[in-house]
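> Okay, handing you the structure first.
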Amino acid sequence: MVSKRLIREEGHKRKFLCVVDDSSECDRAVLFAERRATNTGGSLELLYVSEPEDFQHWLGVEEIMKAEAREAGEAVLEKYAQYSREHGSIDPELIYREGKKLEELEKLIEEDQDIAVLVLAAGDSSEGPGPLVSALAGAGSTFSIPVVVVPSTMSDEEIESVT
């Protein structure tokens with residue numbers, strides 16, 4: 001089901017959503033999203049999703065692992081928030097979620113009707129552009145908003161020229 005975007009209504013603003021992780025190309029997507037948000041009067045959301053482990057632990061161990069994963073995810077979010085602040089004037093909204101990345105991404109887009117554009121970075125490894133970009137390119141998922149995939153090879157100057 002496609003939900004209506006609210007960005008044209010009073011009190012709403014276009015949000016650029018960027019999924020962040022510890023990949024080397026992630027800064028390309030953050031920079032692109034930050035520059036587009038700045039240049040269009042929008043805002044920026046950074047999403048980090050911690051995917052659950054495949055095995056079960058005793059409750060105490062599981063809670064410690066979740067806390068450590070959250071701490072690591074929040075560190076990644078803060079790293080890219082700082083990167084965004086250094087390259088522009090936008091203070092991004094930081095979102096941490098636990099679950100399957102694609103499912104959490106789809107839920108967030110449906111929940112927040114101000115999100116207008118999803119920005120991802122394409123990896124440059126021999127394994128392909130990355131699991132999220134590959135999943136979006138396949139038949140597994142559809143979004144009610146445009147998806148921008150930023151090549152990992154784009155320089156700051158190239159990103160600036162197209163945003």
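Just so we're on the same page: first chain in the structure tokens is A, next is B, and so on; residues restart at 1 for each chain, and ligands are numbered from 1 in the order they show up.
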I'd like the contact shell of A:Leu47 - 10 Å cut-off, only C-alpha atoms, skipping same-chain residues fewer than 3 positions apart - returned as a list in words.

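Once the nearby chain positions are removed, what remains is Leu17, Cys18, Val19, Val20, Asp21, Leu44, Ser50, Gly73, Glu74, Val76, Leu77, Glu93, Leu94, Ile95, Tyr96, Arg97, Lys101, Glu104, Leu105 and Leu108 of chain A.
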
> Selected residues, C-alpha atoms, written as a CSV table (one decimal), in the first residue's frame, please.


```
chain,number,residue,atom,x,y,z
A,17,LEU,CA,16.5,9.3,4.6
A,18,CYS,CA,19.9,7.7,4.5
A,19,VAL,CA,20.7,4.3,5.8
A,20,VAL,CA,24.1,4.2,7.5
A,21,ASP,CA,26.5,1.4,8.4
A,44,LEU,CA,18.0,14.7,6.9
A,50,SER,CA,21.0,-3.6,14.1
A,73,GLY,CA,25.1,1.5,16.1
A,74,GLU,CA,24.7,4.8,18.0
A,76,VAL,CA,28.0,5.0,13.7
A,77,LEU,CA,25.0,7.3,13.7
A,93,GLU,CA,17.6,13.2,13.1
A,94,LEU,CA,19.2,9.9,14.3
A,95,ILE,CA,17.1,6.7,14.3
A,96,TYR,CA,18.3,3.4,15.7
A,97,ARG,CA,16.2,0.3,15.1
A,101,LYS,CA,17.2,-4.0,7.7
A,104,GLU,CA,12.7,-1.8,9.4
A,105,LEU,CA,13.4,0.5,6.4
A,108,LEU,CA,10.0,3.7,8.8
```

> Considering only C-alpha atoms, return as a ChimeraX atom specification whatever protein or nucleic-acid residues lie within 9 Å of A:Leu31, sequence-local ones (same chain, fewer than 5 positions apart) excluded.

/A:26,36,83-84,87-88,156,159-160

> Please save N, CA and C atoms of the selected residues as a short mmCIF file (atom, residue, chain, number, x, y, z; two decimals), in the first residue's frame.


```
data_model
loop_
_atom_site.label_atom_id
_atom_site.label_comp_id
_atom_site.auth_asym_id
_atom_site.auth_seq_id
_atom_site.Cartn_x
_atom_site.Cartn_y
_atom_site.Cartn_z
N CYS A 26 29.59 4.63 2.68
CA CYS A 26 28.44 5.25 3.33
C CYS A 26 28.50 6.78 3.34
N ARG A 36 21.51 17.62 -0.75
CA ARG A 36 20.16 17.76 -1.33
C ARG A 36 19.21 18.38 -0.31
N TYR A 83 29.73 14.12 10.50
CA TYR A 83 30.16 14.30 9.11
C TYR A 83 29.19 15.24 8.39
N SER A 84 27.90 15.04 8.62
CA SER A 84 26.89 15.89 8.00
C SER A 84 27.02 17.34 8.49
N HIS A 87 29.84 19.23 6.84
CA HIS A 87 29.67 19.56 5.42
C HIS A 87 28.48 20.47 5.14
N GLY A 88 27.71 20.80 6.14
CA GLY A 88 26.54 21.64 5.94
C GLY A 88 26.00 22.15 7.25
N ASP A 156 33.60 14.51 -3.63
CA ASP A 156 32.81 15.58 -3.00
C ASP A 156 32.38 16.60 -4.04
N ILE A 159 29.55 15.26 -6.23
CA ILE A 159 28.30 15.25 -5.48
C ILE A 159 27.75 16.66 -5.38
N GLU A 160 28.60 17.61 -5.07
CA GLU A 160 28.18 19.01 -4.97
C GLU A 160 27.59 19.49 -6.30
#
```

> Please report the interatomic distance between atom CA of A:Ile90 and atom CA of A:Ser43 in Å with one decimal.

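Taking atom CA of A:Ile90 as the start and atom CA of A:Ser43 as the end point, the length is 6.9 Å.
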
> Atom CA of A:Met154 to atom CA of A:Lys79: how many Å, to one decimal?

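These atoms are spaced 20.1 Å apart.
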
> One decimal, in Å: what's the spacing between atom CA of A:Glu157 and atom CA of A:Arg35?

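Interatomic distance, atom CA of A:Glu157 to atom CA of A:Arg35: 11.3 Å.
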
> Would you please work out which residue, of A:Glu34, A:Asp27, A:Glu10, A:Glu98, is nearest to A:Val117 when using only C-alpha atoms?

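When distances to A:Val117 are compared using only C-alpha atoms, the smallest one comes from A:Glu34.
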